[in-house]
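> Let me give you the structure first, and then I'll get to my questions.
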Amino acid sequence: MIDLILNQTLNGLASASSLFLVASGLSIIFGVTRIVNFAHGSLYMLGAYLAWTLVGRFGPTDALGFWGGVLLAAVLTGLIGVVIEVLILRRIYQAPELFQLLATFGVVLMLQDVALGLWGAEDKIGPRAPGFKSFVILFGNRFPTYELFLIAVGPLVLLILWLLFQKTRWGTLVRAATQDREMVGALGVNQRLLFTSVFAFGSMLAGLGGALQLPREAVTLHMDLSMISEAFVVVVVGGLGSVTGAYLAAVLIGILHAFGILIFPKITLVLVFLVMAVVLVVKPYGLMGKAPVGHQRAHGPAEPLLLPADGLTKLAGLIGLIILALAPLVAPDHILLTLTELVIFALFAASLHFMMGPGGMASFGHAAYFGLGAYGAALAVKWLGAPMEPALLLAPFLAGIAGVVFGWFCVRLSGVYLAMLTLAFAQIAWATAFQSVDLTGGDNGILGVWPSAWAVSKPAYYYLTLAVCAASIVALRLTIFSPFGYGLRAARDNPLRAEAIGLDVVRIQWVAFAVAAFCAGIAGGLFAFFKGSVFPTYMAIPRSVDALLMVLLGGVQTVSGPIIGAFAYAGLSEQLMKLTMYWRFVLGLSIVLLVVLFPRGLVGAGLALRERWRKEPEPAATLVEARP
Amino acid sequence: MTAVSPAQIASAVAASEPVLVVRDLAKSFGGVRAVDGVSFSVLPGTMLALIGPNGAGKTTCFNMLNGQLRPDGGQVLLAGRPITGMKPRNVWRMGVGRTFQITATFTSMTVRENVQMALISHAGEIWSPFGRARDRHREAADALLAQVGMAAQAERACGVLAYGDLKRVELAVALANQPKLLLMDEPTAGMAPRERIELMALTADIAAAEGIAVLFTEHDMDVVFTHSDSVIVLDRGRLIAHGTAEEVRQDPNVRAVYLGTGATSGGH
Amino acid sequence: MTIDRRSFLAGASAGATIIAAPSLVRAQGAGPIKVGEINSYTAQPAFLKPYRQGWELALEQINAGGGVLGRKIETIFRDDAGKPEDAVRHAGDLINAEKVDLLSGGFLSNVGLAIADFALQNRKLYVASEPLSDAVVWAKGNRYTFRLRPSTYMQAAMLVEEAAKLPAKKWAIVAPNYEYGQSAVKWFKDLLKKAKPDVEFVAEQFPALGRIDAGATVQALEASKPDAIFNVTFGGDLTNFVRQGNTRGLFEGRTVVSMLTGEPEYLDPLGAEAPVGWIVTGYPHADLKTPEHTKFYEAYKAKFGDYPRLGSIVGYDTMNSIAAALAKAGSTDTEKLVDALKGLKFSSAFGTAEYRAIDHQSTLGAFVGKTALKDGKGVMVDWSYRDGAKYLPSDAEVKLLRPAG
């Protein structure tokens, strides 16, 4: 037994190494540039692919060829990092955190297709490392020497990083920038060069992490997202910006995985995110992290004025609704299906907008509540034998309750920390659905969630959806202009002032969080009966990103933005998917361009244009509300 | 010299108990005593200025009164009831209005809505999810805005106001809960001299008319000597002087502190 | 080759074609017959690239021979990326917007189940080519769904036949944690217990598909000291598992019984690290010399310059069986197609097979053999073809297993 424990500990340490390399790069980049680089997992993947190619070319059996290939792959990944930084990130350092996160997610999509185009979809299997092909007997078991080598790599890199940070001028600058960004500017340092070099260095670490995996596992196109979600966990648990924290957390997660397989083989995925949530609740800024100084709403302009719709825009909204209501008379079935989906996504986006816009809480895990709504409906059908109507009523409550519980923790943080925690909770929900095979069917999903007889026909279900979603969106909108909605905006605009006029900021945001979750649950329930089935992918990261894109595409600062955004985004991505095999690249590129060119979203940009045209006296601050 | 007649002060003093009583207030940060046994009180309708050189403990003291900091020791009584260590929103509910050194308004709202927001909160309507907030307490908000001379700009966005006007909006917001005590942190910081005088005169008028006690910190000695009924002086966390503006001006300790630092006015 | 194909089609469907002549005339003006093919092309390329090529070979041969019912067959390929959610979305789009006549495809079992449920709800034919789960035709079986490949039950039964001969009593299991893995493990355990009541199962590992933590998993299996191991993983998971298992000596002195590992798509990537002596199901492509297979093999090689994988067979057979069903039905009407498929005999590269009327499962078989190394590559040796029809439960049992009837 003790042998097993020791052996599993070693296994945990071995898998911790690559995790640490990726996470430390991520952490250093965040420390200096304050950007959470979603594309870091993609750099790790590129490192592995590059190593596969280079090692194959240099001769895999030759020690120099192998290790030369691995190191060159890391350096090349660093150079790719330079390209990304110079072309994209440099333009968005001043943008709100969420835009940065989204832009890097756009890079993830682009790199996925770049890898697909260059290396094809087949898994690549690397050679074993020369000199590390064998094993040693440890604690009565064979243990691969390469794994031992990996165990040593972690602390070695940690030591090198420490020396670099303590003994070189560059390292001193990186440390200084991590502590106080303004100070570096004051020191007369070339900030651009520093940022670029830091990003290149972090990318190189990720590339090295990927290259070192070559003898260990097959190189696949899925490496990026599976690594990035683990690396996020490590960085957040360790403390954003702390390299030592990243090492501790990587070891913790690695060992947790190894023992999870022994003790809880069926909940290994949940376990990791559960630990992350616990750490964040006890130490919100991670094991070794410090509370950000003046980080809260540090950048981004003041929130512009929000006014209710004027007569013209109300009329436009009414006309839009009438057109939607008349659509079944002329539209063929497949158009109706698309419309049904769009209407559901409009509510999903509107619910996210409620907490993100007026609430100022950017969620990177809103799909959790959409998915929980869908699961609420499906579980009611599967386990309670409920027909559609009560199942639809029940659905939002599962999402709402999750919103109450998760929200309680989330609203205590802000900015990127809040976004990370929402992501963690979404991953918990996803992993629970994925691994609770007995309850949810796991990856098989729950099938046979079909509407009642009266709603089976496509127009009938479309009308049901339109009625529920339009009513919910109108209710959300009324709430935004109600006293509660004003309180929510007050809490966002200026939490100190809000507290000073008697508002319980945390509680207001908590309620808003739960309301947003509840409404996402309504959308999820409708979606479940629309599709007839429910799967864990409903809660996966890409769906959360979908919602964010809809909101941002439309513009956060307008109430009608998310609705327009939902129609624009869902329509666009569906067409893209049909048009080209490389739709991810096009979508990723659009995201990046959107963030760089239209930080106020489509509706925001349109309104700005209208204002300029009208030559209003206060162009920057007045946003007249429009709504369909 | 003051905008309020001595007779008014005299009557207020005679008529009532102090609104704010502070006893032995203390706070340390990492072993450094930022505020050390400070006691004072403020009478209704009067303006008390809290002054002292940089690092004297003014802000710490202030933040213990408004609830942002929890004191290590001592007591804060508002109209005889303890508010020591209460959260800012509860301090406000007890009847304390407040303005910030750097103006704090809700930029996504109009001037009127800012005041309405405070009125809605005061009326306990914040959890109401229906009905338009813009239609609530409109008259009361306009009355408050008229009081501070901002009625004409009620429809404008707070984000585009001149700085002095913002300060007036803040004042209107601070008055929305009919406070017994008004806490003003550096109320005239960043304002032109003429605006300073106007704002403080306005404050003093309102305080006197409504019987509100005002405690303010201030760097500008002209403002202090013109608009305060009495002055307390902090130095290194301790209260070193307490009296009328004239008394404090003559106080040798105060002179030592201020002349020593060479700052007698406008030190921000 | 093309001549043979044509004559086969003519022979297999002659009767039906003549009887269905009136509908044939009507159909001729209606353009091509559309098949909506949904598969995990980007997620499981090792299997599905050859699959698509096999499909295209069959399609080319059929259309070169004039198509079916006087119409060409056209395929609309959609990639589900391994996600049932995407598959369902594509299915809806294919039926409603593209107006396909039937659906086919599905690699992962959960994807197959999702499409099958969708097909039932929308009353459209779904020919499930690859998803192995028994639920596709049994527990969740429905009127509109037929499946080509030998199921997890059938392959487990084939392997249990061999496993029961082993002296091993203590078994450890590793399987991907989704429908296919769960279903394969369930049947293997049930059938082995029945065949050999004294076996016990000492460890089970269910890593998520594509996310195996191979070192720790191997260690956990090793710790249970099994006599033998039943493996259900495939693709990248299998590669990682084998590499760690080899280095750590997990397979030494133990017999491994393994699903699908003899398929070239999973054996070839292992190269010289391919395990030796595992009892596997698979496809000995280079050594299979039956006339049907040789014809197919040569045509495939001529067209694509590569040898076929098992996926190629599945794609080829699926397309051909669909064509045969269309010919027999004499119509693209879903109900008629379903009736035609019941008991439909079709020619496969492995010989003749039949879609059973009782449960819509085809009797296509699989090869069982042992893995070995030859010229630094994994191959199957000592193999034999197991006819699927012999590895299915009795009709009475099937009726119990399939509530839909």
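Labeling convention for the structure tokens: chains A, B, ... as they appear, residues from 1 per chain, ligands from 1 in order of appearance.
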Near chain A, meaning an atom within 6 Å, which residues of chain B appear when counting only C-alpha atoms? Write them as a PyMOL selection string.
chain B and resi 88-89+92+104+106-109+118+126-133
> Compile the residues of chain C that lie within 9 Å of chain A, evaluated using only C-alpha atoms, and express the compilation as number ranges by chain.
C: 41-46, 78, 83-85, 88-89, 92-93, 95-98, 109-111, 113-114, 117-118, 121, 177-179, 204-208, 210-211, 213-217, 219-220, 222-223, 235-237, 239-241, 243-244, 247-250, 269-270
> Please measure the separation of CA of Pro130 in chain A and CA of Val75 in chain A, giving the value in Å to one decimal.
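Interatomic distance, CA of Pro130 in chain A to CA of Val75 in chain A: 20.6 Å.
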> How many Å lie between CA of Pro150 in chain C and CA of Leu132 in chain C, rounded to one decimal?
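Those two atoms sit 6.9 Å apart.
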> Residues near Gln68 in chain B, anyone? I mean within 8 Å using only C-alpha atoms, not counting same-chain ones fewer than 3 positions away, as number ranges by chain.
B: 63-65, 87-88
> Pick out the residues sitting within 9 Å of Ser414 in chain A, and hand them over as a PyMOL selection string; count only C-alpha atoms, and ignore anything fewer than 3 positions along from it in its own chain.
chain A and resi 296-297+360-362+410-411+417-419
> How about saving the chosen residues, N, CA and C atoms kept, as an mmCIF file, in the first residue's frame?

data_model
loop_
_atom_site.group_PDB
_atom_site.id
_atom_site.type_symbol
_atom_site.label_atom_id
_atom_site.label_comp_id
_atom_site.auth_asym_id
_atom_site.auth_seq_id
_atom_site.Cartn_x
_atom_site.Cartn_y
_atom_site.Cartn_z
ATOM 1 N N GLN A 296 -9.299 46.978 -9.107
ATOM 2 C CA GLN A 296 -10.728 46.968 -9.387
ATOM 3 C C GLN A 296 -11.110 48.109 -10.320
ATOM 4 N N ARG A 297 -11.710 47.757 -11.435
ATOM 5 C CA ARG A 297 -12.134 48.725 -12.443
ATOM 6 C C ARG A 297 -11.044 49.757 -12.700
ATOM 7 N N GLY A 360 -22.063 44.768 -14.085
ATOM 8 C CA GLY A 360 -20.619 44.914 -14.097
ATOM 9 C C GLY A 360 -19.857 43.655 -13.726
ATOM 10 N N MET A 361 -20.546 42.500 -13.743
ATOM 11 C CA MET A 361 -19.866 41.255 -13.377
ATOM 12 C C MET A 361 -19.703 40.411 -14.631
ATOM 13 N N ALA A 362 -18.485 40.314 -15.123
ATOM 14 C CA ALA A 362 -18.237 39.556 -16.342
ATOM 15 C C ALA A 362 -18.103 38.087 -15.986
ATOM 16 N N CYS A 410 -18.893 34.167 -5.955
ATOM 17 C CA CYS A 410 -18.373 34.976 -7.059
ATOM 18 C C CYS A 410 -18.462 36.481 -6.788
ATOM 19 N N VAL A 411 -19.572 36.927 -6.208
ATOM 20 C CA VAL A 411 -19.758 38.380 -6.096
ATOM 21 C C VAL A 411 -18.779 38.998 -5.106
ATOM 22 N N TYR A 417 -10.614 38.088 -11.546
ATOM 23 C CA TYR A 417 -10.749 37.051 -10.527
ATOM 24 C C TYR A 417 -12.172 36.489 -10.507
ATOM 25 N N LEU A 418 -13.115 37.408 -10.644
ATOM 26 C CA LEU A 418 -14.510 36.981 -10.733
ATOM 27 C C LEU A 418 -14.710 36.103 -11.963
ATOM 28 N N ALA A 419 -14.157 36.538 -13.091
ATOM 29 C CA ALA A 419 -14.314 35.767 -14.330
ATOM 30 C C ALA A 419 -13.729 34.366 -14.157
#
> Which of these, B:Ala189, B:Leu234, B:Leu202, B:Val96, has the shortest distance to Ala146 in chain B once you count only C-alpha atoms?
B:Leu202
> Would you pick out the contacts of Leu183 in chain B at 8 Å or less, using only C-alpha atoms, so that residues sharing its chain but fewer than 2 positions from it are not included, and give the list as a PyMOL selection string?
chain B and resi 62+66+96-99+181+185+214-216
> Next, the residues of the selection above should be written as a PDB file, in the first residue's frame with C-alpha atoms.

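Result written to part-v2.pdb:
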ATOM      1  CA  PHE B  62     -12.682  59.839   8.986  1.00  0.00           C
ATOM      2  CA  ASN B  66     -18.068  56.499   8.085  1.00  0.00           C
ATOM      3  CA  VAL B  96     -24.965  60.040   8.308  1.00  0.00           C
ATOM      4  CA  GLY B  97     -24.538  61.631   4.898  1.00  0.00           C
ATOM      5  CA  ARG B  98     -21.193  61.702   3.191  1.00  0.00           C
ATOM      6  CA  THR B  99     -19.210  63.228   0.345  1.00  0.00           C
ATOM      7  CA  LEU B 181     -24.471  64.365  10.461  1.00  0.00           C
ATOM      8  CA  ASP B 185     -13.718  64.485   3.101  1.00  0.00           C
ATOM      9  CA  VAL B 214     -20.975  68.864   9.626  1.00  0.00           C
ATOM     10  CA  LEU B 215     -17.537  67.357  10.068  1.00  0.00           C
ATOM     11  CA  PHE B 216     -15.071  68.049   7.296  1.00  0.00           C
TER      12      PHE B 216
END
> Using only C-alpha atoms, which residues sit within 8 Å of Ile232 in chain B once same-chain residues fewer than 3 positions away are excluded, as a PyMOL selection string?
chain B and resi 48-51+239-243+248
> Quick check for you: according to DSSP on this backbone, which residues of range 93-306 of chain A are classed as helix (DSSP H, G or I)? Reply as a PyMOL selection string.
chain A and resi 97-119+145-167+169-179+181-186+191-212+223-238+243-263+268-282
> From a backbone DSSP assignment, name each residue in range 80-244 of chain C labelled strand (DSSP E), as JSON, numbers by chain.
{"C": [102, 103, 104, 105, 126, 127, 128, 145, 146, 147, 170, 171, 172, 173, 174, 200, 201, 202, 203, 204, 205, 228, 229, 230, 231]}
> For range 154-164 of chain B, find every residue with an atom within 6 Å (counting only C-alpha atoms), except residues of its own chain fewer than 3 positions away, and show them as a VMD selection string.
chain B and resid 107 109 to 112 151 167
> Any chance you can output those residues with N, CA and C atoms as an mmCIF file, in the first residue's frame?

data_model
loop_
_atom_site.group_PDB
_atom_site.id
_atom_site.type_symbol
_atom_site.label_atom_id
_atom_site.label_comp_id
_atom_site.auth_asym_id
_atom_site.auth_seq_id
_atom_site.Cartn_x
_atom_site.Cartn_y
_atom_site.Cartn_z
ATOM 1 N N THR B 107 -22.012 57.380 -12.856
ATOM 2 C CA THR B 107 -21.829 58.048 -14.149
ATOM 3 C C THR B 107 -22.853 57.626 -15.193
ATOM 4 N N MET B 109 -25.910 57.518 -14.796
ATOM 5 C CA MET B 109 -27.218 58.110 -14.483
ATOM 6 C C MET B 109 -27.164 59.626 -14.649
ATOM 7 N N THR B 110 -28.344 60.208 -14.802
ATOM 8 C CA THR B 110 -28.413 61.657 -14.858
ATOM 9 C C THR B 110 -28.253 62.207 -13.445
ATOM 10 N N VAL B 111 -28.117 63.522 -13.386
ATOM 11 C CA VAL B 111 -27.987 64.192 -12.094
ATOM 12 C C VAL B 111 -29.189 63.860 -11.205
ATOM 13 N N ARG B 112 -30.379 63.974 -11.789
ATOM 14 C CA ARG B 112 -31.576 63.722 -10.987
ATOM 15 C C ARG B 112 -31.605 62.269 -10.514
ATOM 16 N N ALA B 151 -30.796 72.472 -10.166
ATOM 17 C CA ALA B 151 -32.069 72.091 -10.779
ATOM 18 C C ALA B 151 -32.009 72.175 -12.300
ATOM 19 N N LYS B 167 -19.638 68.334 -7.250
ATOM 20 C CA LYS B 167 -19.581 68.434 -5.790
ATOM 21 C C LYS B 167 -20.962 68.789 -5.232
#
> Would you mind telling me which residue in C:Gly31, C:Gln61, C:Ala340, C:Lys49 lies nearest to Asp306 in chain C when using only C-alpha atoms?
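Selected residue with least distance to Asp306 in chain C: C:Lys49.
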